[in-house]
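What follows is a set of notes on a single structure, which appears directly below.
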There are 2 protein chains.
Amino acid sequence: MTAIQGFELRAGTTTLAPVRKECPVLSPEDVLIRVAGCGVCHTDLGFIHDGVRTRHPLPLILGHEISGHVEDAGSRHRNLVGKAVVVPAVLPCGECALCRGGHPTICAAQIMPGNDRDGGFATHVVLPGTFLCVVPGAGSDPDAPLGSAAGLTLRHLAVVADAVSTAYQAVERAGLARGSLAVVVGLGGVGTFAAQVAAERGAVVVGLDVDPRRRAEAAKMGVGLALDPREVSGKELRSRVAAFAHGAGAPATGWTILECSGTPAGQQTAFGLLVHGATLMVVGFTLETVAVRLSNLMAFDARALGNWGCAPELYSAILERVLAGKIDIVSHAALKPLSSITEALEQVRAHRADRRIVLVPGREEVP
Amino acid sequence: MTAIQGFELRAGTTTLAPVRKECPVLSPEDVLIRVAGCGVCHTDLGFIHDGVRTRHPLPLILGHEISGHVEDAGSRHRNLVGKAVVVPAVLPCGECALCRGGHPTICAAQIMPGNDRDGGFATHVVLPGTFLCVVPGAGSDPDAPLGSAAGLTLRHLAVVADAVSTAYQAVERAGLARGSLAVVVGLGGVGTFAAQVAAERGAVVVGLDVDPRRRAEAAKMGVGLALDPREVSGKELRSRVAAFAHGAGAPATGWTILECSGTPAGQQTAFGLLVHGATLMVVGFTLETVAVRLSNLMAFDARALGNWGCAPELYSAILERVLAGKIDIVSHAALKPLSSITEALEQVRAHRADRRIVLVPGREEVP
């Protein structure tokens, strides 16, 4: 029997505790994945510090941004054994009305690792096999180079499970057109990838971020104009963006605005950039309200679309782009030992992590 | 030469003044329409009282909700002569990026009668012929019965030009599914028709209105549950609506909320009804801002779509439903002589008109 070693959240605590469990007997639908990497997300901090409740009662091993190798499988998924996979952060049922109606990520019967079941801050994880995304061309070594992107390994692909894929679905759902203007508000964990995905689709990209380091990096993400929304705001921001769009040959209408900051200020800025026929993608989350002139959606024949995660069916297209080096993950991810999880969570919480942290299990991390 | 007699807005005044003009020589694209009826809309009051500027400089004959007969036509539209038509409130160019991208009503080259050119508060109006919607089965008498709806005439069809068609496009754009739940916020000029269109599509319909008279009429519009949002609000409203949906066999997700009140309170109520996979249609307009938790769009994988007017291509499907008596206009329209325009505008302004007023030109109304 495989032993699963990981870090679990226990009721009434704010530090994850090491735990060792025996792997359960696999059901026909489930597979056992040896974790190659698991990204740290603000959602995890919500569970630990902000009182957001996991759907499965505590204790629970957290972590939902997982890549790894299928080590064993129930009868329905024997074909997956030995395969390298990325685990979509939400594994839907695929059969209900929401799944069939284009909303698989809010499927009521979904399995989200680290929420509905033990997650990926562990050596292994047991999950349904149906929607796993097989990584083409990957061997059995999680540290072997992958695709044509320098330095890319299976461990980095953990970031595809949530951060990259959420950004990708947001751009896809917006129907971003080649040559049109995309404005990414917040060039952090998700925004970084939203900018890259938008640029890869041939959009003219503007990036807004209050952090000068991120603005300095923006050009590498395909951002043609990076501005500080605290310095340039309101009508002046609109004019600057419009002038840039004009200069780059992008239309003055039909802008796509990707709100990835998850802050009230960012949402206000994003809403203020609506033009005729615009699409505002609400990708970031904040519990706070914002005062907006909702009627502008009507006056501009515009729309605001929420985006929660990513449908499993999009993952192979995303992987293809990552493996081809069209979306850069390596510069935006930092691999750290799983044993450093407490420090890593604190770094993310304090906004001191300038890259997405991917926790990598070793032999030694769980005492 | 035909003389056009109508009522125009002059700079610095708030009463429309009678005017008589010679009909211009028709360009190849234009047609001359003898007006059968022209509906009074709050947009007209915006021009007269609220400082909203018409795109064509004043003086200008107002009115954009027009039905009538084509009396003469330029060379491209000779086939229209003698035909009864409904004039879409927005006549787009049909060729620009916005037109081709599904946004014809915000086409920059659009002609809106009573805004870009003299409108329908007149005996005649000259407009481009391309997107006029021919009324099937109509003869030359504007007072003759039409279709299978009792009392319906070409004059009533003026209301299709804006109020009915705006509601129709909103429902169409939402992709309202048979058996799903629609909530109409505000059962006034547009909401009345939104409820009927939703019911005709097989939705389970809830109507919210502060006016008891409208709630009393709601059942006739296909509304199964009518509530006063001042009496039932917040979580209680949500529960009541959910219980009604459940009882009627409609899903608890994917609701369509049609905000037709154009008030901050209505918008707040509408936003508060978002559920997983919901669609909020922003149909009414107010200049005021509202405080909303925009992130709910993300958390619910929901969307808010603005709707401005209606694409010309939808008008024939709308007319078909109206002529078949599936959408009742007659009970919701009041025909009045064009000569009573000043009184009619005041009635609408004071919210004393419980039906859509359609002004009907006679021989005597312009001195």
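In the structure tokens, chains take letters A, B, ... by order of appearance, with residues numbered from 1 within each chain and ligands from 1 in the order shown.
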
>> Please find the residues of chain A near chain B - the criterion being any atom within 10 Å, counting only C-alpha atoms - and write them as an MDAnalysis selection string.
In response: chainID A and resid 97:98 101:108 251 253:254 259 262:264 267:268 271 276:277 279:309

Please produce an output containing C-alpha atoms for each residue in the selection, written as a tab-separated table (two decimals), in the first residue's frame.
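Generated output (result.tsv):
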chain	number	residue	atom	x	y	z
A	97	ALA	CA	-27.42	20.72	-16.87
A	98	LEU	CA	-24.66	23.14	-15.85
A	101	GLY	CA	-24.84	24.29	-20.57
A	102	GLY	CA	-21.23	25.51	-20.69
A	103	HIS	CA	-20.72	25.90	-16.93
A	104	PRO	CA	-18.77	22.76	-15.91
A	105	THR	CA	-16.71	24.65	-13.32
A	106	ILE	CA	-19.79	25.32	-11.19
A	107	CYS	CA	-21.09	21.76	-11.51
A	108	ALA	CA	-22.68	20.87	-8.16
A	251	PRO	CA	-10.39	49.53	-33.06
A	253	THR	CA	-14.68	49.74	-29.84
A	254	GLY	CA	-15.03	46.14	-28.70
A	259	GLU	CA	-10.01	42.29	-14.37
A	262	GLY	CA	-9.52	41.06	-7.45
A	263	THR	CA	-9.51	44.48	-5.78
A	264	PRO	CA	-12.28	47.10	-5.62
A	267	GLN	CA	-12.75	46.58	-10.64
A	268	GLN	CA	-13.59	50.27	-10.67
A	271	PHE	CA	-15.52	49.11	-15.38
A	276	HIS	CA	-19.06	50.44	-27.15
A	277	GLY	CA	-19.29	46.68	-27.60
A	279	THR	CA	-16.40	42.84	-22.81
A	280	LEU	CA	-15.36	43.02	-19.17
A	281	MET	CA	-14.10	39.70	-17.81
A	282	VAL	CA	-14.43	39.50	-14.03
A	283	VAL	CA	-11.64	37.05	-13.19
A	284	GLY	CA	-10.37	38.29	-9.81
A	285	PHE	CA	-12.41	38.04	-6.63
A	286	THR	CA	-13.04	40.39	-3.73
A	287	LEU	CA	-15.78	40.27	-1.11
A	288	GLU	CA	-16.15	44.05	-1.33
A	289	THR	CA	-18.76	45.94	-3.32
A	290	VAL	CA	-17.99	48.61	-5.89
A	291	ALA	CA	-20.11	51.54	-7.05
A	292	VAL	CA	-20.52	51.38	-10.82
A	293	ARG	CA	-22.93	52.80	-13.37
A	294	LEU	CA	-24.37	49.43	-14.36
A	295	SER	CA	-26.41	51.13	-17.09
A	296	ASN	CA	-23.20	51.71	-19.03
A	297	LEU	CA	-23.48	48.06	-20.07
A	298	MET	CA	-26.75	49.02	-21.75
A	299	ALA	CA	-25.58	52.36	-23.14
A	300	PHE	CA	-22.48	50.75	-24.69
A	301	ASP	CA	-24.20	47.46	-25.66
A	302	ALA	CA	-21.40	45.96	-23.57
A	303	ARG	CA	-21.17	42.97	-21.24
A	304	ALA	CA	-19.52	41.80	-18.03
A	305	LEU	CA	-18.79	38.08	-17.85
A	306	GLY	CA	-17.72	36.24	-14.76
A	307	ASN	CA	-15.12	33.54	-15.14
A	308	TRP	CA	-14.65	30.79	-12.60
A	309	GLY	CA	-11.81	28.41	-13.42

Could you write out chain B as a short mmCIF file (atom, residue, chain, number, x, y, z; two decimals) with C-alpha atoms, in the first residue's frame once it has been least-squares superposed on chain A using every ordered C-alpha pair?
data_model
loop_
_atom_site.label_atom_id
_atom_site.label_comp_id
_atom_site.auth_asym_id
_atom_site.auth_seq_id
_atom_site.Cartn_x
_atom_site.Cartn_y
_atom_site.Cartn_z
CA MET B 1 -0.08 -0.04 -0.04
CA THR B 2 1.23 3.41 -0.91
CA ALA B 3 1.44 5.86 1.98
CA ILE B 4 0.29 9.40 1.26
CA GLN B 5 2.28 12.04 3.09
CA GLY B 6 0.98 15.59 3.04
CA PHE B 7 -0.04 18.69 4.92
CA GLU B 8 -3.55 19.07 6.19
CA LEU B 9 -5.66 21.90 7.58
CA ARG B 10 -7.20 21.07 10.94
CA ALA B 11 -10.13 22.89 12.50
CA GLY B 12 -9.13 25.86 14.61
CA THR B 13 -5.55 26.06 13.33
CA THR B 14 -3.80 28.30 10.79
CA THR B 15 -0.72 26.19 10.17
CA LEU B 16 -0.93 23.07 8.03
CA ALA B 17 0.06 19.95 9.90
CA PRO B 18 2.05 17.03 8.47
CA VAL B 19 0.02 13.85 8.08
CA ARG B 20 0.54 10.33 6.79
CA LYS B 21 -2.35 8.25 5.47
CA GLU B 22 -2.68 4.90 3.80
CA CYS B 23 -3.86 5.16 0.19
CA PRO B 24 -7.46 3.93 -0.02
CA VAL B 25 -8.47 1.10 -2.35
CA LEU B 26 -9.16 2.82 -5.68
CA SER B 27 -12.73 2.91 -6.98
CA PRO B 28 -13.20 2.15 -10.70
CA GLU B 29 -13.35 5.93 -11.42
CA ASP B 30 -10.32 7.01 -9.39
CA VAL B 31 -6.61 7.16 -10.05
CA LEU B 32 -3.60 7.57 -7.76
CA ILE B 33 -1.33 10.41 -8.82
CA ARG B 34 2.24 10.87 -7.61
CA VAL B 35 2.44 14.65 -7.28
CA ALA B 36 5.16 16.39 -9.34
CA GLY B 37 4.17 19.88 -8.20
CA CYS B 38 1.29 21.73 -6.57
CA GLY B 39 0.88 25.49 -6.88
CA VAL B 40 -0.01 27.75 -3.96
CA CYS B 41 -3.11 29.87 -4.59
CA HIS B 42 -4.88 32.63 -2.66
CA THR B 43 -7.84 30.27 -2.44
CA ASP B 44 -5.78 28.12 -0.05
CA LEU B 45 -5.18 31.16 2.16
CA GLY B 46 -8.93 31.82 2.18
CA PHE B 47 -9.45 28.36 3.70
CA ILE B 48 -6.63 28.79 6.22
CA HIS B 49 -7.07 32.40 7.34
CA ASP B 50 -10.34 33.92 6.13
CA GLY B 51 -12.88 31.42 7.36
CA VAL B 52 -13.81 30.18 3.88
CA ARG B 53 -15.05 26.64 4.49
CA THR B 54 -13.84 23.66 2.53
CA ARG B 55 -16.74 21.59 1.23
CA HIS B 56 -15.22 18.46 2.79
CA PRO B 57 -15.04 18.74 6.57
CA LEU B 58 -11.61 19.31 8.15
CA PRO B 59 -9.05 17.90 8.52
CA LEU B 60 -8.22 18.09 4.81
CA ILE B 61 -5.02 18.18 2.75
CA LEU B 62 -5.20 21.41 0.72
CA GLY B 63 -3.83 22.20 -2.77
CA HIS B 64 -5.63 22.22 -6.12
CA GLU B 65 -2.99 23.16 -8.73
CA ILE B 66 -1.50 19.78 -9.45
CA SER B 67 0.71 18.02 -11.98
CA GLY B 68 2.02 14.49 -11.60
CA HIS B 69 2.21 10.92 -12.83
CA VAL B 70 -0.60 8.40 -12.64
CA GLU B 71 0.82 5.59 -10.53
CA ASP B 72 -2.24 3.39 -10.23
CA ALA B 73 -5.82 3.50 -11.53
CA GLY B 74 -9.25 1.99 -10.99
CA SER B 75 -10.68 -0.29 -13.65
CA ARG B 76 -12.06 2.50 -15.87
CA HIS B 77 -8.74 4.30 -16.24
CA ARG B 78 -6.09 1.62 -16.56
CA ASN B 79 -4.95 3.33 -19.77
CA LEU B 80 -3.75 6.30 -17.73
CA VAL B 81 -1.21 4.36 -15.67
CA GLY B 82 2.29 5.75 -16.21
CA LYS B 83 1.01 8.92 -17.90
CA ALA B 84 2.09 12.43 -16.92
CA VAL B 85 -0.97 14.60 -16.30
CA VAL B 86 -2.17 18.04 -15.36
CA VAL B 87 -5.20 17.94 -13.04
CA PRO B 88 -7.85 20.55 -13.88
CA ALA B 89 -8.53 22.44 -10.62
CA VAL B 90 -12.20 21.58 -11.01
CA LEU B 91 -13.20 18.07 -12.09
CA PRO B 92 -16.90 18.29 -13.07
CA CYS B 93 -19.41 15.47 -13.47
CA GLY B 94 -19.76 16.23 -17.18
CA GLU B 95 -23.41 15.25 -17.26
CA CYS B 96 -25.57 17.77 -15.36
CA ALA B 97 -27.40 20.77 -16.84
CA LEU B 98 -24.63 23.18 -15.82
CA CYS B 99 -21.96 20.94 -17.39
CA ARG B 100 -23.96 20.63 -20.60
CA GLY B 101 -24.81 24.34 -20.53
CA GLY B 102 -21.22 25.55 -20.64
CA HIS B 103 -20.69 25.93 -16.90
CA PRO B 104 -18.74 22.79 -15.88
CA THR B 105 -16.68 24.67 -13.30
CA ILE B 106 -19.75 25.35 -11.16
CA CYS B 107 -21.06 21.78 -11.49
CA ALA B 108 -22.64 20.89 -8.14
CA ALA B 109 -21.15 17.39 -8.26
CA GLN B 110 -17.63 18.63 -9.01
CA ILE B 111 -14.50 17.37 -7.30
CA MET B 112 -11.98 20.08 -6.52
CA PRO B 113 -8.85 18.71 -4.88
CA GLY B 114 -8.09 20.39 -1.57
CA ASN B 115 -11.75 21.32 -1.20
CA ASP B 116 -13.98 18.30 -1.88
CA ARG B 117 -11.18 15.79 -1.24
CA ASP B 118 -7.59 15.69 -0.05
CA GLY B 119 -5.48 17.80 -2.40
CA GLY B 120 -2.00 18.17 -3.79
CA PHE B 121 0.13 19.47 -0.92
CA ALA B 122 1.21 15.85 -0.62
CA THR B 123 3.26 13.12 -2.18
CA HIS B 124 0.16 11.55 -3.74
CA VAL B 125 -3.45 12.40 -4.42
CA VAL B 126 -6.45 10.24 -5.33
CA LEU B 127 -8.84 11.80 -7.86
CA PRO B 128 -11.35 10.89 -10.61
CA GLY B 129 -9.53 10.05 -13.84
CA THR B 130 -12.06 11.25 -16.40
CA PHE B 131 -10.92 14.80 -17.06
CA LEU B 132 -7.19 14.56 -16.41
CA CYS B 133 -5.15 16.17 -19.16
CA VAL B 134 -2.35 13.93 -20.42
CA VAL B 135 0.90 15.76 -21.15
CA PRO B 136 2.08 14.74 -24.62
CA GLY B 137 5.71 13.66 -24.92
CA ALA B 138 6.38 13.47 -21.18
CA GLY B 139 8.38 10.56 -19.77
CA SER B 140 8.52 9.27 -16.24
CA ASP B 141 10.98 11.86 -14.88
CA PRO B 142 9.18 14.92 -13.45
CA ASP B 143 12.40 16.94 -13.80
CA ALA B 144 13.04 16.10 -17.46
CA PRO B 145 12.82 18.96 -19.99
CA LEU B 146 9.48 19.25 -21.74
CA GLY B 147 8.49 20.81 -25.07
CA SER B 148 10.47 23.65 -26.61
CA ALA B 149 10.39 26.05 -23.65
CA ALA B 150 13.75 26.29 -21.86
CA GLY B 151 13.69 24.94 -18.33
CA LEU B 152 10.12 23.65 -18.51
CA THR B 153 9.35 20.47 -16.55
CA LEU B 154 6.26 18.59 -15.49
CA ARG B 155 6.56 20.28 -12.09
CA HIS B 156 6.04 23.72 -13.64
CA LEU B 157 2.92 22.50 -15.41
CA ALA B 158 1.14 22.49 -12.05
CA VAL B 159 0.53 26.18 -12.74
CA VAL B 160 -1.53 25.24 -15.80
CA ALA B 161 -4.07 23.54 -13.52
CA ASP B 162 -5.50 26.85 -12.29
CA ALA B 163 -3.64 30.15 -12.89
CA VAL B 164 -2.90 29.70 -16.61
CA SER B 165 -6.13 27.92 -17.44
CA THR B 166 -8.33 30.47 -15.65
CA ALA B 167 -6.69 33.22 -17.69
CA TYR B 168 -7.06 31.17 -20.84
CA GLN B 169 -10.78 30.50 -20.39
CA ALA B 170 -11.38 34.19 -19.62
CA VAL B 171 -9.78 35.20 -22.92
CA GLU B 172 -11.56 32.40 -24.77
CA ARG B 173 -14.93 33.29 -23.27
CA ALA B 174 -14.45 36.95 -24.19
CA GLY B 175 -13.97 35.81 -27.78
CA LEU B 176 -10.94 38.11 -28.01
CA ALA B 177 -10.37 38.95 -31.67
CA ARG B 178 -7.00 39.22 -33.42
CA GLY B 179 -6.01 42.87 -33.72
CA SER B 180 -8.46 44.06 -31.08
CA LEU B 181 -7.50 45.70 -27.79
CA ALA B 182 -7.13 43.79 -24.52
CA VAL B 183 -6.56 45.58 -21.22
CA VAL B 184 -5.31 43.45 -18.34
CA VAL B 185 -5.95 45.00 -14.94
CA GLY B 186 -3.51 43.47 -12.45
CA LEU B 187 -0.45 41.66 -13.81
CA GLY B 188 -0.18 39.23 -10.88
CA GLY B 189 -0.67 35.46 -10.63
CA VAL B 190 -3.46 35.22 -13.20
CA GLY B 191 -3.03 38.55 -15.02
CA THR B 192 0.48 37.60 -16.10
CA PHE B 193 -0.96 34.73 -18.06
CA ALA B 194 -4.02 36.66 -19.26
CA ALA B 195 -1.65 39.16 -20.91
CA GLN B 196 0.38 36.38 -22.53
CA VAL B 197 -2.68 34.51 -23.77
CA ALA B 198 -4.16 37.73 -25.18
CA ALA B 199 -0.91 38.62 -26.93
CA GLU B 200 -0.58 35.11 -28.31
CA ARG B 201 -4.05 35.47 -29.84
CA GLY B 202 -2.87 38.56 -31.70
CA ALA B 203 -4.48 41.22 -29.53
CA VAL B 204 -2.93 44.60 -28.78
CA VAL B 205 -2.31 44.42 -25.01
CA VAL B 206 -2.34 47.13 -22.35
CA GLY B 207 -1.37 46.18 -18.78
CA LEU B 208 -2.24 48.08 -15.61
CA ASP B 209 -0.48 47.40 -12.33
CA VAL B 210 0.48 49.45 -9.31
CA ASP B 211 3.69 47.45 -8.85
CA PRO B 212 6.63 48.93 -10.80
CA ARG B 213 8.41 45.56 -10.91
CA ARG B 214 5.47 44.01 -12.70
CA ARG B 215 5.22 46.92 -15.14
CA ALA B 216 8.94 46.51 -15.84
CA GLU B 217 8.33 42.83 -16.69
CA ALA B 218 5.21 43.57 -18.72
CA ALA B 219 6.86 43.77 -22.14
CA LYS B 220 7.95 40.13 -21.78
CA MET B 221 4.27 39.19 -21.33
CA GLY B 222 3.40 40.83 -24.64
CA VAL B 223 2.14 44.05 -23.05
CA GLY B 224 2.67 47.02 -25.37
CA LEU B 225 1.74 49.72 -22.87
CA ALA B 226 2.07 49.34 -19.09
CA LEU B 227 0.58 52.02 -16.85
CA ASP B 228 0.17 52.63 -13.13
CA PRO B 229 -3.58 53.11 -12.55
CA ARG B 230 -2.82 55.19 -9.46
CA GLU B 231 -0.94 57.68 -11.63
CA VAL B 232 -3.14 57.62 -14.72
CA SER B 233 -6.84 57.17 -14.04
CA GLY B 234 -10.37 58.14 -15.09
CA LYS B 235 -10.72 59.98 -18.37
CA GLU B 236 -6.98 60.40 -18.75
CA LEU B 237 -6.50 56.62 -18.56
CA ARG B 238 -9.24 56.11 -21.12
CA SER B 239 -7.64 58.62 -23.49
CA ARG B 240 -4.18 57.13 -23.07
CA VAL B 241 -5.48 53.64 -23.76
CA ALA B 242 -7.53 54.88 -26.74
CA ALA B 243 -4.53 56.71 -28.20
CA PHE B 244 -2.39 53.61 -27.81
CA ALA B 245 -5.08 51.43 -29.44
CA HIS B 246 -5.34 53.90 -32.32
CA GLY B 247 -1.57 53.95 -32.81
CA ALA B 248 -1.46 50.14 -32.83
CA GLY B 249 -4.30 49.91 -35.36
CA ALA B 250 -6.81 48.42 -32.91
CA PRO B 251 -10.47 49.51 -33.10
CA ALA B 252 -11.87 52.09 -30.66
CA THR B 253 -14.75 49.72 -29.86
CA GLY B 254 -15.08 46.13 -28.71
CA TRP B 255 -12.29 46.26 -26.14
CA THR B 256 -11.75 43.27 -23.87
CA ILE B 257 -10.96 44.25 -20.29
CA LEU B 258 -9.63 41.46 -18.09
CA GLU B 259 -9.98 42.33 -14.39
CA CYS B 260 -7.46 40.07 -12.65
CA SER B 261 -6.55 42.18 -9.62
CA GLY B 262 -9.49 41.12 -7.46
CA THR B 263 -9.47 44.55 -5.80
CA PRO B 264 -12.26 47.16 -5.64
CA ALA B 265 -9.90 49.76 -7.17
CA GLY B 266 -9.07 47.42 -10.04
CA GLN B 267 -12.73 46.63 -10.66
CA GLN B 268 -13.59 50.33 -10.70
CA THR B 269 -10.79 50.98 -13.18
CA ALA B 270 -11.87 48.06 -15.34
CA PHE B 271 -15.53 49.13 -15.40
CA GLY B 272 -14.47 52.68 -16.28
CA LEU B 273 -12.76 51.37 -19.43
CA LEU B 274 -15.98 50.09 -20.99
CA VAL B 275 -16.48 51.30 -24.56
CA HIS B 276 -19.14 50.42 -27.15
CA GLY B 277 -19.34 46.67 -27.60
CA ALA B 278 -16.80 46.04 -24.82
CA THR B 279 -16.42 42.85 -22.81
CA LEU B 280 -15.37 43.04 -19.18
CA MET B 281 -14.09 39.74 -17.81
CA VAL B 282 -14.41 39.53 -14.03
CA VAL B 283 -11.62 37.09 -13.18
CA GLY B 284 -10.33 38.35 -9.82
CA PHE B 285 -12.37 38.11 -6.62
CA THR B 286 -12.98 40.46 -3.72
CA LEU B 287 -15.71 40.35 -1.09
CA GLU B 288 -16.10 44.12 -1.32
CA THR B 289 -18.73 45.99 -3.32
CA VAL B 290 -17.96 48.67 -5.90
CA ALA B 291 -20.09 51.58 -7.06
CA VAL B 292 -20.53 51.41 -10.83
CA ARG B 293 -22.96 52.82 -13.37
CA LEU B 294 -24.39 49.45 -14.34
CA SER B 295 -26.45 51.13 -17.09
CA ASN B 296 -23.24 51.70 -19.04
CA LEU B 297 -23.51 48.05 -20.04
CA MET B 298 -26.80 49.00 -21.73
CA ALA B 299 -25.66 52.33 -23.14
CA PHE B 300 -22.56 50.72 -24.68
CA ASP B 301 -24.26 47.43 -25.63
CA ALA B 302 -21.45 45.95 -23.56
CA ARG B 303 -21.18 42.97 -21.22
CA ALA B 304 -19.53 41.81 -18.02
CA LEU B 305 -18.77 38.11 -17.83
CA GLY B 306 -17.69 36.28 -14.74
CA ASN B 307 -15.10 33.56 -15.11
CA TRP B 308 -14.62 30.82 -12.58
CA GLY B 309 -11.77 28.43 -13.40
CA CYS B 310 -11.55 26.59 -16.68
CA ALA B 311 -13.47 23.83 -18.45
CA PRO B 312 -11.43 20.59 -18.75
CA GLU B 313 -11.95 20.53 -22.52
CA LEU B 314 -9.70 23.59 -22.93
CA TYR B 315 -6.65 22.15 -21.17
CA SER B 316 -5.10 20.36 -24.12
CA ALA B 317 -5.08 23.56 -26.20
CA ILE B 318 -3.46 25.37 -23.28
CA LEU B 319 -0.81 22.68 -22.79
CA GLU B 320 0.00 22.79 -26.49
CA ARG B 321 0.75 26.54 -26.25
CA VAL B 322 2.79 26.12 -23.07
CA LEU B 323 4.85 23.26 -24.51
CA ALA B 324 5.46 25.29 -27.68
CA GLY B 325 6.81 28.15 -25.54
CA LYS B 326 3.99 30.49 -26.58
CA ILE B 327 2.95 30.94 -22.95
CA ASP B 328 5.92 31.27 -20.60
CA ILE B 329 5.45 29.59 -17.24
CA VAL B 330 9.07 29.09 -16.22
CA SER B 331 9.75 32.81 -15.56
CA HIS B 332 6.57 33.07 -13.53
CA ALA B 333 6.91 30.00 -11.33
CA ALA B 334 9.24 29.19 -8.43
CA LEU B 335 9.73 25.55 -7.41
CA LYS B 336 10.13 25.06 -3.65
CA PRO B 337 10.24 21.95 -1.47
CA LEU B 338 6.88 20.86 -0.08
CA SER B 339 8.58 20.86 3.34
CA SER B 340 8.77 24.69 3.12
CA ILE B 341 4.97 24.96 2.83
CA THR B 342 4.48 27.08 5.96
CA GLU B 343 6.99 29.67 4.79
CA ALA B 344 5.60 29.57 1.24
CA LEU B 345 2.04 30.22 2.41
CA GLU B 346 3.25 33.15 4.49
CA GLN B 347 5.11 34.61 1.52
CA VAL B 348 2.01 34.45 -0.67
CA ARG B 349 -0.12 35.87 2.11
CA ALA B 350 2.24 38.82 2.55
CA HIS B 351 2.30 39.37 -1.23
CA ARG B 352 6.07 38.81 -1.11
CA ALA B 353 6.04 36.07 -3.76
CA ASP B 354 6.72 37.63 -7.16
CA ARG B 355 6.30 34.25 -8.86
CA ARG B 356 3.73 31.51 -8.49
CA ILE B 357 5.11 29.09 -5.90
CA VAL B 358 4.98 25.41 -6.86
CA LEU B 359 5.57 23.00 -3.99
CA VAL B 360 7.57 19.93 -4.95
CA PRO B 361 7.40 16.83 -2.75
CA GLY B 362 10.67 15.11 -1.88
CA ARG B 363 11.45 12.10 0.29
CA GLU B 364 12.27 14.11 3.33
CA GLU B 365 9.61 16.79 3.69
CA VAL B 366 7.20 14.95 5.94
CA PRO B 367 8.76 13.93 9.23
#

>> For the structure I just gave you, how does DSSP split region 16-134 of chain A - specifically, which residues are helix (DSSP H, G or I)? Reply as a ChimeraX atom specification.
In response: /A:42-49,75-80,97-100,104-106

>> Using DSSP secondary structure from the backbone, list all strand (DSSP E or B) positions within region 113-310 of chain A, as a PyMOL selection string.
In response: chain A and resi 113+117+122+124-128+133-134+181-185+204-208+225-227+256-259+279-282+290-292+303-306
